[in-house]
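Source file: my_file13.cif. Holds: mmCIF, C-alpha atoms and all ligand atoms.
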data_model
loop_
_atom_site.label_atom_id
_atom_site.label_comp_id
_atom_site.auth_asym_id
_atom_site.auth_seq_id
_atom_site.Cartn_x
_atom_site.Cartn_y
_atom_site.Cartn_z
CA MET A 1 69.34 112.70 117.31
CA LEU A 2 71.51 114.49 114.75
CA SER A 3 75.22 114.94 115.09
CA VAL A 4 78.22 116.38 113.36
CA THR A 5 81.92 116.33 114.18
CA SER A 6 84.63 118.80 113.35
CA GLY A 7 86.92 116.23 111.79
CA ALA A 8 86.58 112.80 110.26
CA GLN A 9 86.28 110.28 113.05
CA ARG A 10 86.13 106.56 113.51
CA ARG A 11 82.63 105.64 114.43
CA ALA A 12 80.72 102.45 115.00
CA GLY A 13 79.69 100.91 111.70
CA LYS A 14 76.04 100.26 110.98
CA VAL A 15 75.17 97.04 109.18
CA LEU A 16 71.86 96.43 107.43
CA ILE A 17 70.96 92.77 106.88
CA VAL A 18 68.36 92.11 104.19
CA ASP A 19 67.18 88.51 104.11
CA ASP A 20 63.84 86.77 104.64
CA ASN A 21 65.41 83.75 106.30
CA VAL A 22 64.83 84.46 109.98
CA ASP A 23 67.34 81.91 111.25
CA LEU A 24 70.08 83.13 109.01
CA VAL A 25 69.40 86.75 109.98
CA SER A 26 69.66 86.02 113.66
CA GLN A 27 72.79 83.95 113.13
CA LEU A 28 74.38 86.75 111.08
CA SER A 29 73.44 89.36 113.65
CA ALA A 30 74.94 87.26 116.44
CA VAL A 31 78.20 86.88 114.54
CA LEU A 32 78.43 90.60 113.77
CA LEU A 33 77.50 91.72 117.26
CA ALA A 34 79.96 89.40 119.00
CA PRO A 35 82.56 91.70 120.49
CA ALA A 36 85.85 91.69 118.63
CA SER A 37 88.78 93.18 120.50
CA ASP A 38 90.50 94.82 117.57
CA SER A 39 87.62 96.62 115.89
CA ALA A 40 84.97 99.20 116.61
CA PRO A 41 81.59 97.85 117.77
CA LEU A 42 78.95 97.35 115.09
CA SER A 43 75.26 98.00 115.20
CA VAL A 44 72.83 95.89 113.20
CA VAL A 45 69.39 96.53 111.71
CA THR A 46 67.47 93.97 109.70
CA ALA A 47 64.82 93.81 106.99
CA ALA A 48 63.07 90.83 105.40
CA ARG A 49 62.19 92.45 102.09
CA GLY A 50 63.76 94.89 99.65
CA ALA A 51 61.07 97.54 100.08
CA GLU A 52 61.45 97.45 103.85
CA ALA A 53 65.24 97.72 103.49
CA LEU A 54 64.92 100.87 101.37
CA VAL A 55 62.63 102.53 103.88
CA LEU A 56 65.10 101.72 106.67
CA ALA A 57 68.07 102.91 104.60
CA LYS A 58 66.44 106.25 103.89
CA ARG A 59 65.27 106.75 107.44
CA GLU A 60 68.27 105.60 109.45
CA GLY A 61 71.13 105.21 107.00
CA PHE A 62 73.66 102.37 107.05
CA ASP A 63 77.30 101.77 106.18
CA VAL A 64 77.34 98.20 104.92
CA ALA A 65 74.37 96.11 103.76
CA ILE A 66 74.43 92.32 103.62
CA VAL A 67 71.82 91.42 101.02
CA ASP A 68 70.44 88.05 99.97
CA VAL A 69 70.41 87.67 96.19
CA LYS A 70 66.91 86.14 96.33
CA LEU A 71 64.45 88.30 98.21
CA PRO A 72 60.66 87.84 98.27
CA ASP A 73 59.95 91.09 96.44
CA VAL A 74 63.05 92.01 94.41
CA SER A 75 66.35 90.65 93.27
CA GLY A 76 69.20 91.54 95.61
CA ILE A 77 71.23 92.55 92.59
CA ASP A 78 68.65 95.16 91.58
CA LEU A 79 68.53 96.44 95.13
CA ILE A 80 72.22 97.43 95.16
CA ALA A 81 71.87 100.64 93.16
CA GLN A 82 68.78 101.72 95.11
CA LEU A 83 70.49 101.15 98.46
CA LYS A 84 73.53 103.10 97.32
CA ASP A 85 71.30 105.91 96.16
CA ALA A 86 69.75 106.09 99.59
CA CYS A 87 73.18 106.10 101.30
CA PRO A 88 75.83 107.36 98.89
CA PHE A 89 78.86 106.27 100.92
CA SER A 90 77.64 102.75 101.65
CA GLU A 91 78.79 99.35 100.39
CA VAL A 92 76.77 96.21 99.71
CA VAL A 93 77.85 92.62 100.31
CA LEU A 94 75.70 90.07 98.47
CA ILE A 95 75.13 86.60 99.89
CA THR A 96 73.76 83.63 98.06
CA GLY A 97 72.86 80.00 98.61
CA PHE A 98 74.46 78.75 95.42
CA ALA A 99 77.27 80.48 93.66
CA SER A 100 77.33 80.65 89.93
CA VAL A 101 79.96 82.49 87.96
CA ASP A 102 77.29 84.43 86.10
CA ALA A 103 75.63 85.58 89.30
CA ALA A 104 78.97 86.61 90.76
CA ILE A 105 79.86 88.62 87.70
CA SER A 106 76.56 90.43 87.52
CA ALA A 107 76.72 91.14 91.29
CA LEU A 108 80.12 92.78 91.00
CA ARG A 109 79.06 94.64 87.86
CA SER A 110 76.14 96.10 89.74
CA GLY A 111 78.52 97.60 92.26
CA ALA A 112 78.55 94.98 95.02
CA PHE A 113 81.57 95.12 97.28
CA ALA A 114 81.72 91.34 97.57
CA PHE A 115 79.79 88.19 96.73
CA THR A 116 79.74 85.56 99.47
CA LEU A 117 78.31 82.09 99.94
CA LYS A 118 75.79 81.59 102.69
CA SER A 119 77.90 78.73 104.00
CA PHE A 120 80.30 81.43 105.19
CA ARG A 121 82.55 80.99 108.18
CA PRO A 122 81.90 83.70 110.76
CA GLU A 123 85.42 85.10 110.61
CA GLU A 124 85.20 85.35 106.82
CA LEU A 125 82.03 87.36 106.99
CA ILE A 126 83.36 89.64 109.71
CA SER A 127 86.49 90.30 107.75
CA THR A 128 84.51 91.09 104.58
CA VAL A 129 82.22 93.46 106.49
CA GLN A 130 85.21 95.12 108.16
CA GLN A 131 86.89 95.65 104.80
CA ALA A 132 83.71 97.15 103.39
CA LEU A 133 83.40 99.38 106.45
CA MET A 134 86.98 100.52 106.02
CA LYS A 135 86.18 101.52 102.46
CA VAL A 136 83.10 103.43 103.61
CA GLN A 137 85.11 105.16 106.32
CA LEU A 138 87.79 106.16 103.80
CA LYS A 139 85.18 107.62 101.46
CA VAL A 140 83.65 109.63 104.29
CA GLU A 141 87.07 110.81 105.46
CA ARG A 142 88.06 111.80 101.97
CA ARG A 143 84.94 113.87 101.53
CA SER A 144 85.49 115.58 104.86
CA LEU A 145 89.16 116.32 104.02
CA GLU A 146 88.21 117.68 100.61
CA LYS A 147 85.70 119.96 102.22
CA ARG A 148 88.21 121.16 104.83
CA ALA A 149 90.78 121.82 102.12
CA ALA A 150 88.22 123.79 100.12
CA ASP A 151 87.34 125.90 103.19
CA ALA A 152 91.01 126.59 103.94
CA GLU A 153 91.64 127.43 100.32
CA ALA A 154 88.71 129.82 100.19
CA LEU A 155 90.04 131.61 103.24
CA SER A 156 93.60 131.84 102.01
CA ALA A 157 92.40 132.93 98.57
CA MET A 158 90.76 135.88 100.28
CA GLY A 159 94.11 136.11 101.97
CA ALA A 160 96.23 139.16 102.27
CA LEU A 161 93.96 141.42 100.29
CA ALA A 162 90.95 140.73 102.46
CA LEU A 163 93.01 141.07 105.60
CA ASN A 164 94.22 144.49 104.52
CA LEU A 165 90.75 145.52 103.53
CA ALA A 166 89.39 144.46 106.91
CA HIS A 167 92.07 146.52 108.66
CA GLU A 168 91.30 149.47 106.42
CA ILE A 169 87.60 149.31 107.26
CA ARG A 170 88.33 149.35 110.95
CA ASN A 171 89.63 152.95 111.03
CA PRO A 172 86.69 154.71 109.37
CA LEU A 173 84.39 152.52 111.43
CA ASN A 174 85.98 153.71 114.66
CA ALA A 175 85.68 157.29 113.43
CA ALA A 176 82.01 156.70 112.64
CA VAL A 177 81.34 155.39 116.17
CA LEU A 178 82.93 158.50 117.62
CA GLN A 179 80.98 160.84 115.36
CA LEU A 180 77.76 159.05 116.14
CA HIS A 181 78.39 159.48 119.83
CA LEU A 182 78.91 163.22 119.34
CA LEU A 183 75.79 163.40 117.18
CA ASP A 184 73.78 161.75 119.92
CA ARG A 185 75.03 164.27 122.46
CA GLY A 186 74.27 167.09 120.02
CA VAL A 187 70.69 165.90 119.75
CA ASP A 188 70.34 166.09 123.54
CA LYS A 189 71.23 169.76 123.38
CA LEU A 190 68.88 170.63 120.51
CA GLU A 191 66.04 172.91 121.29
CA CYS A 192 63.10 171.11 119.81
CA ASP A 193 60.18 169.04 120.98
CA ARG A 194 60.55 165.68 122.67
CA ASP A 195 59.14 163.59 119.84
CA THR A 196 61.53 164.98 117.27
CA LYS A 197 64.45 164.34 119.63
CA ASP A 198 63.32 160.77 120.29
CA ALA A 199 62.95 160.07 116.59
CA LEU A 200 66.46 161.41 115.88
CA LYS A 201 67.96 159.40 118.72
CA LYS A 202 66.23 156.26 117.51
CA ARG A 203 67.76 156.69 114.06
CA ALA A 204 71.19 157.20 115.60
CA ALA A 205 70.73 154.06 117.70
CA ILE A 206 69.93 152.01 114.60
CA VAL A 207 73.06 153.29 112.86
CA GLY A 208 74.99 152.42 116.03
CA ASP A 209 73.64 148.85 116.01
CA GLU A 210 74.57 148.39 112.39
CA ILE A 211 78.07 149.70 112.98
CA GLY A 212 78.33 147.33 115.94
CA ARG A 213 77.42 144.45 113.71
CA LEU A 214 79.99 145.41 111.06
CA SER A 215 82.59 145.75 113.72
CA ARG A 216 81.79 142.29 115.13
CA LEU A 217 82.00 140.83 111.64
CA LEU A 218 85.42 142.42 111.17
CA THR A 219 86.76 141.21 114.50
CA GLU A 220 85.59 137.66 113.83
CA PHE A 221 86.83 137.69 110.26
CA LEU A 222 90.26 138.87 111.36
CA GLU A 223 90.32 136.22 114.06
CA LEU A 224 89.62 133.56 111.46
CA ALA A 225 91.83 134.80 108.65
CA ARG A 226 94.82 136.20 110.48
CA PRO A 227 97.61 133.74 110.88
CA ARG A 228 98.82 133.94 114.43
CA ALA A 229 101.04 131.59 116.36
CA LEU A 230 99.39 129.66 119.13
CA GLY A 231 100.50 130.34 122.68
CA ARG A 232 101.50 127.33 124.70
CA GLU A 233 101.17 127.90 128.38
CA PRO A 234 99.46 125.99 131.19
CA VAL A 235 95.75 126.80 131.05
CA HIS A 236 93.43 125.86 133.89
CA VAL A 237 90.36 125.08 131.80
CA ALA A 238 87.80 124.80 134.62
CA ARG A 239 88.80 128.22 135.92
CA LEU A 240 88.74 129.71 132.43
CA VAL A 241 85.22 128.38 131.88
CA ALA A 242 84.09 129.71 135.27
CA ASP A 243 85.40 133.16 134.28
CA VAL A 244 83.43 133.11 131.02
CA LEU A 245 80.26 131.99 132.82
CA ASP A 246 80.65 134.80 135.37
CA LEU A 247 80.63 137.26 132.47
CA TYR A 248 77.26 135.94 131.32
CA ARG A 249 75.54 135.48 134.67
CA GLU A 250 73.53 138.69 134.49
CA THR A 251 72.49 138.26 130.87
CA ALA A 252 71.39 134.73 131.68
CA ASP A 253 69.31 135.89 134.65
CA ALA A 254 67.68 138.56 132.53
CA ARG A 255 66.73 136.01 129.88
CA GLY A 256 65.42 133.37 132.25
CA ILE A 257 68.34 131.02 131.64
CA ALA A 258 69.58 128.87 134.51
CA ILE A 259 73.25 127.95 134.41
CA ILE A 260 74.35 124.60 135.76
CA ARG A 261 78.08 124.25 136.32
CA ASP A 262 79.92 121.01 136.73
CA LEU A 263 83.53 122.09 136.72
CA ALA A 264 86.11 119.60 137.91
CA ALA A 265 88.17 120.96 140.78
CA ASP A 266 91.46 119.86 139.29
CA GLY A 267 93.10 117.83 136.56
CA THR A 268 91.87 120.16 133.85
CA THR A 269 95.09 121.97 133.10
CA LEU A 270 96.41 121.75 129.57
CA LEU A 271 99.12 123.35 127.49
CA GLY A 272 97.53 125.79 125.11
CA ASP A 273 96.48 129.33 124.32
CA ALA A 274 94.28 130.75 127.10
CA GLU A 275 92.91 133.67 125.09
CA LYS A 276 91.90 131.46 122.19
CA LEU A 277 90.37 128.79 124.38
CA LYS A 278 88.38 131.49 126.10
CA GLN A 279 87.08 132.48 122.69
CA VAL A 280 85.99 128.89 122.09
CA VAL A 281 83.99 128.74 125.31
CA LEU A 282 82.57 132.21 124.75
CA ASN A 283 81.33 131.38 121.25
CA LEU A 284 79.72 128.16 122.46
CA VAL A 285 78.05 129.86 125.42
CA VAL A 286 76.78 132.70 123.22
CA ASN A 287 75.35 130.25 120.68
CA ALA A 288 73.65 128.28 123.45
CA MET A 289 72.11 131.42 124.94
CA GLU A 290 71.02 132.70 121.55
CA ALA A 291 69.23 129.40 120.97
CA MET A 292 67.21 129.82 124.18
CA LYS A 293 65.06 132.80 123.33
CA GLN A 294 62.35 131.63 125.73
CA GLY A 295 64.75 130.84 128.55
CA GLY A 296 66.01 127.40 129.51
CA THR A 297 68.98 125.68 131.04
CA LEU A 298 72.61 126.01 130.07
CA SER A 299 74.75 123.17 131.41
CA VAL A 300 78.49 123.47 131.25
CA ARG A 301 80.82 120.71 132.26
CA VAL A 302 84.59 120.47 132.34
CA ALA A 303 86.21 117.13 133.07
CA SER A 304 89.51 115.47 132.48
CA GLU A 305 89.56 112.08 130.86
CA ALA A 306 92.79 110.20 130.24
CA ASP A 307 95.06 112.66 128.45
CA ARG A 308 92.32 115.05 127.34
CA VAL A 309 90.22 117.80 128.81
CA GLU A 310 86.60 117.79 127.77
CA ILE A 311 84.44 120.89 127.73
CA SER A 312 80.76 120.27 127.23
CA VAL A 313 78.15 122.95 126.65
CA SER A 314 74.52 121.97 126.33
CA ASP A 315 71.34 123.95 126.07
CA THR A 316 67.60 123.33 126.02
CA GLY A 317 67.04 125.69 123.11
CA SER A 318 65.82 125.39 119.56
CA GLY A 319 68.35 122.79 118.44
CA ILE A 320 69.79 122.69 114.93
CA PRO A 321 67.49 121.79 112.03
CA PRO A 322 68.54 118.76 109.92
CA GLU A 323 69.24 120.86 106.83
CA ALA A 324 71.61 123.12 108.80
CA ILE A 325 73.64 120.60 110.78
CA GLU A 326 76.11 119.81 107.99
CA HIS A 327 76.87 123.49 107.49
CA VAL A 328 77.33 124.86 110.99
CA PHE A 329 81.13 124.88 110.68
CA ASP A 330 81.09 126.63 107.28
CA PRO A 331 82.39 130.21 107.38
CA PHE A 332 79.52 132.72 107.05
CA PHE A 333 76.82 130.09 107.55
CA THR A 334 74.20 131.53 109.87
CA THR A 335 70.48 131.11 110.52
CA LYS A 336 70.33 134.30 112.57
CA GLU A 337 69.23 137.66 111.31
CA ALA A 338 72.23 139.45 112.78
CA GLY A 339 74.61 136.48 112.84
CA THR A 340 78.07 136.52 111.30
CA GLY A 341 78.28 132.77 110.80
CA LEU A 342 81.90 132.84 111.90
CA GLY A 343 81.56 131.69 115.53
CA LEU A 344 81.83 127.95 114.96
CA SER A 345 84.41 128.38 112.18
CA ILE A 346 86.61 130.13 114.72
CA VAL A 347 85.88 127.45 117.30
CA ARG A 348 86.88 124.79 114.81
CA LYS A 349 90.06 126.55 113.81
CA ILE A 350 91.20 127.00 117.41
CA VAL A 351 90.29 123.44 118.40
CA ASP A 352 92.14 122.16 115.30
CA GLN A 353 95.19 124.19 116.26
CA HIS A 354 95.13 122.49 119.67
CA GLY A 355 94.82 119.06 118.06
CA GLY A 356 91.35 118.55 119.51
CA GLU A 357 87.92 117.48 118.31
CA ILE A 358 84.42 118.90 118.40
CA ARG A 359 81.21 116.96 118.36
CA ILE A 360 77.76 118.49 118.16
CA GLU A 361 74.63 116.52 118.94
CA THR A 362 71.23 118.02 118.61
CA GLU A 363 67.57 117.17 118.78
CA PRO A 364 65.70 119.80 116.84
CA GLY A 365 63.32 121.58 119.18
CA ARG A 366 65.00 120.22 122.28
CA GLY A 367 68.49 121.66 122.30
CA ALA A 368 72.08 121.14 121.31
CA HIS A 369 75.08 119.59 123.04
CA VAL A 370 78.57 120.59 121.97
CA ARG A 371 81.56 118.68 123.23
CA VAL A 372 85.12 119.83 122.71
CA ALA A 373 87.98 117.50 123.64
CA ILE A 374 91.51 118.87 123.73
CA PRO A 375 94.68 116.91 124.41
CA SER A 376 96.33 118.10 127.61
CA GLY A 377 99.61 118.18 125.73
CA LYS A 378 101.75 117.08 128.65
N1 LIG A 401 73.56 125.85 120.52
C1 LIG A 401 73.00 125.98 119.31
N2 LIG A 401 71.65 125.75 119.16
C2 LIG A 401 71.07 125.88 117.94
N3 LIG A 401 71.72 126.22 116.79
C3 LIG A 401 73.04 126.46 116.88
C4 LIG A 401 73.75 126.35 118.12
N4 LIG A 401 75.05 126.65 117.87
C5 LIG A 401 75.14 126.91 116.54
N5 LIG A 401 73.94 126.83 115.94
C6 LIG A 401 73.64 127.01 114.51
O1 LIG A 401 74.88 127.16 113.81
C7 LIG A 401 74.91 128.39 113.08
C8 LIG A 401 76.31 128.91 113.00
O2 LIG A 401 76.79 129.31 114.27
P1 LIG A 401 77.99 130.34 114.36
O3 LIG A 401 79.09 129.88 113.47
O4 LIG A 401 78.32 130.57 115.79
O5 LIG A 401 77.41 131.66 113.69
P2 LIG A 401 76.26 132.66 114.22
O6 LIG A 401 76.09 132.41 115.69
O7 LIG A 401 76.80 134.02 113.93
O8 LIG A 401 75.04 132.34 113.43
C9 LIG A 401 73.92 129.27 113.83
O9 LIG A 401 73.40 130.30 113.00
C10 LIG A 401 72.86 128.28 114.26
O10 LIG A 401 71.97 128.00 113.20
MG MG A 402 77.68 132.22 117.06
#
Let me see the structure of the file written as C-alpha cells.
Amino acid sequence: MLSVTSGAQRRAGKVLIVDDNVDLVSQLSAVLLAPASDSAPLSVVTAARGAEALVLAKREGFDVAIVDVKLPDVSGIDLIAQLKDACPFSEVVLITGFASVDAAISALRSGAFAFTLKSFRPEELISTVQQALMKVQLKVERRSLEKRAADAEALSAMGALALNLAHEIRNPLNAAVLQLHLLDRGVDKLECDRDTKDALKKRAAIVGDEIGRLSRLLTEFLELARPRALGREPVHVARLVADVLDLYRETADARGIAIIRDLAADGTTLLGDAEKLKQVVLNLVVNAMEAMKQGGTLSVRVASEADRVEISVSDTGSGIPPEAIEHVFDPFFTTKEAGTGLGLSIVRKIVDQHGGEIRIETEPGRGAHVRVAIPSGK
C-alpha cells in the first residue's frame, strides 16, 4: 500500500531493532509497543543480522533503528551509514553491552543519534527513541514545507504575466471555436462526395478536440493561479457530493462503472466555499473514473467526524504507480495523454484554503482511495 498526504502529518513511527539477542529484542519490542498516553503509537520490525536489516530497510523503510554495536555479520557502527542511505530521513540509536569512551565517540562520529547501554531503563529508551522520532519528523516536515514553498514560488513567479497571457489566449480561442463551428456547418452544405465531406469533418473534429484541451488547460491554470477570496457560507457537503455524482451518472453507466454512495443524512454542513468544494469533488470523481478504463466501482462516502467533514472517493482502477505517487500534487504532473496535471494541484490548493488535509492511498493495479478532511469551521 502506497500513500501520500497533502501536508506534513504526524504519523506512527516505525522502529527497526537490529540485534541477534532474541530475549533482548523481545524485551525491547515490548517496551516500545507498550501504549504511552502522550505519544503516537509505534510499530516495530526486527532483524538479527545487518544484512537482513538492510533488506528490511530498503523494502519497508523505518524511522528509527536501534542497532547493537556487535552484530554477527557486521559492526553496528558500519551499519549506520548504510541504513541511512536506505532511508535518508532516519536516525540510528546504537546500543552496547559495555560502554567505552572510544566506542561512544566513534558511534557519534558515524552519525548515530545516541549511544545507549543495554542496561537501559525502559523510560530512558522510550524517551531516546521519541527524541529521535521527533528529529525524523522535523526533517520530513521541513522537506515537505520546502517543496510547498517552491511550488508556491513557481506559481507566483509565473504570476501576473502568465495570468494576463492566459486571459489573452482565451479570446482568440473562443473566436476559433466559433469559426470552427461555422466551418463544420459549411462543410455540410458543400456539394461534394460523402467521403470528402467525412474526411473534412474529421479534421475539424480533431481541431475542436485540441481547442477543447487548450481551453481546459486555461480554465484550470486560471483556477490555480488566480488569487480569489474564499467564500464562507454553510455548505451541505453530502448534498453537494450527491449533485456532482448525479452529473456523472450517465457517463458512469456508459463506461460500466457502478457508483456506491454512502452519504450521511446530516451533520455534514461546514462553513466554506461551495463552488470550490464542488470543484474538489469533481476533480476527484473525474480522476477516479479516468482510472477505470475497463469499468469498476466508484465508492463515495461523506461522513462527519468530531469537528470535521470527511469526503472519501475510492475506485477500483489502475492505482498510482510507485514512481508517480510523490508527484501527484505537483502542478502539470500527469500520466495521461490529454491530462493537464492541474486537477490535484487545484484540489490541494482549495483544501489548504479550507484548512483541511488530503490523504491518498493506493495499491497499484487495484485502485486508489482519496480522503479529504475539512474542518467544519463552526
Ligand atoms: N484515482 C486515481 N487513480 C490513479 N491515478 C490517479 C488517480 N488520481 C490521480 N492520479 C494520478 O495523478 C496524476 C495527476 O492527477 P491530476 O492532477 O488530476 O491531473 P490529470 O488528471 O490531468 O492527469 C494523474 O495523471 C494520475 O497519474
Ligand atoms: Mg485530473
Any residue with an atom at most 7 Å from ligand LIG 401 (chain A) counts, using only C-alpha atoms and all ligand atoms. Which are they? Put them as a PyMOL selection string. chain A and resi 283-284+287-288+291+315+317-320+324+328-329+331+333-336+339-345+367-369
Contacts of region 110-120 of chain A at 8 Å or less, counting only C-alpha atoms, minus same-chain residues fewer than 4 places along, as a PDB file with C-alpha atoms, in the coordinates of the input?
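And here's out31.pdb as it stands now:
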ATOM      1  CA  ILE A  77      71.230  92.550  92.590  1.00  0.00           C
ATOM      2  CA  ASP A  78      68.650  95.160  91.580  1.00  0.00           C
ATOM      3  CA  ILE A  80      72.220  97.430  95.160  1.00  0.00           C
ATOM      4  CA  ALA A  81      71.870 100.640  93.160  1.00  0.00           C
ATOM      5  CA  GLU A  91      78.790  99.350 100.390  1.00  0.00           C
ATOM      6  CA  VAL A  92      76.770  96.210  99.710  1.00  0.00           C
ATOM      7  CA  VAL A  93      77.850  92.620 100.310  1.00  0.00           C
ATOM      8  CA  LEU A  94      75.700  90.070  98.470  1.00  0.00           C
ATOM      9  CA  ILE A  95      75.130  86.600  99.890  1.00  0.00           C
ATOM     10  CA  THR A  96      73.760  83.630  98.060  1.00  0.00           C
ATOM     11  CA  GLY A  97      72.860  80.000  98.610  1.00  0.00           C
ATOM     12  CA  PHE A  98      74.460  78.750  95.420  1.00  0.00           C
ATOM     13  CA  ALA A  99      77.270  80.480  93.660  1.00  0.00           C
ATOM     14  CA  ALA A 104      78.970  86.610  90.760  1.00  0.00           C
ATOM     15  CA  SER A 106      76.560  90.430  87.520  1.00  0.00           C
ATOM     16  CA  GLU A 124      85.200  85.350 106.820  1.00  0.00           C
ATOM     17  CA  LEU A 125      82.030  87.360 106.990  1.00  0.00           C
ATOM     18  CA  THR A 128      84.510  91.090 104.580  1.00  0.00           C
ATOM     19  CA  ALA A 132      83.710  97.150 103.390  1.00  0.00           C
TER      20      ALA A 132
END
Using all atoms listed in the file, determine which residues lie at most 12 Å from region 236-243 of chain A, disregarding the query and same-chain residues fewer than 4 positions distant; provide the list as a ChimeraX atom specification. /A:247-249,259-285,299-304,308-313,372-376
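Shortest atom-to-atom contact with ligand MG 402 (chain A) among A:Glu233, A:Asp184, A:Glu337, A:Glu361: A:Glu337, counting all atoms listed in the file.
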Please, what distance in Å, to one decimal, runs between CA of Leu217 (chain A) and CA of Arg143 (chain A)? 28.9 Å
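The residue that comes closest to Ile169 (chain A), out of A:Glu305, A:Leu218, A:Ala51, A:Lys202 and on the basis of all atoms listed in the file, is A:Leu218.
Using all atoms listed in the file, the shortest contact distance between Gln130 (chain A) and any of A:Gly50, A:Gly13, A:Pro72, A:Pro35 is found at A:Gly13.
The interatomic distance for the pair CA of Lys349 (chain A) and CA of Gly295 (chain A) works out to 29.6 Å.
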Please provide the set of residues having any atom within 9 Å of Lys201 (chain A), restricted to all atoms listed in the file, with same-chain residues fewer than 2 positions apart removed, written as a PyMOL selection string. chain A and resi 183-184+187-188+196-199+203-206
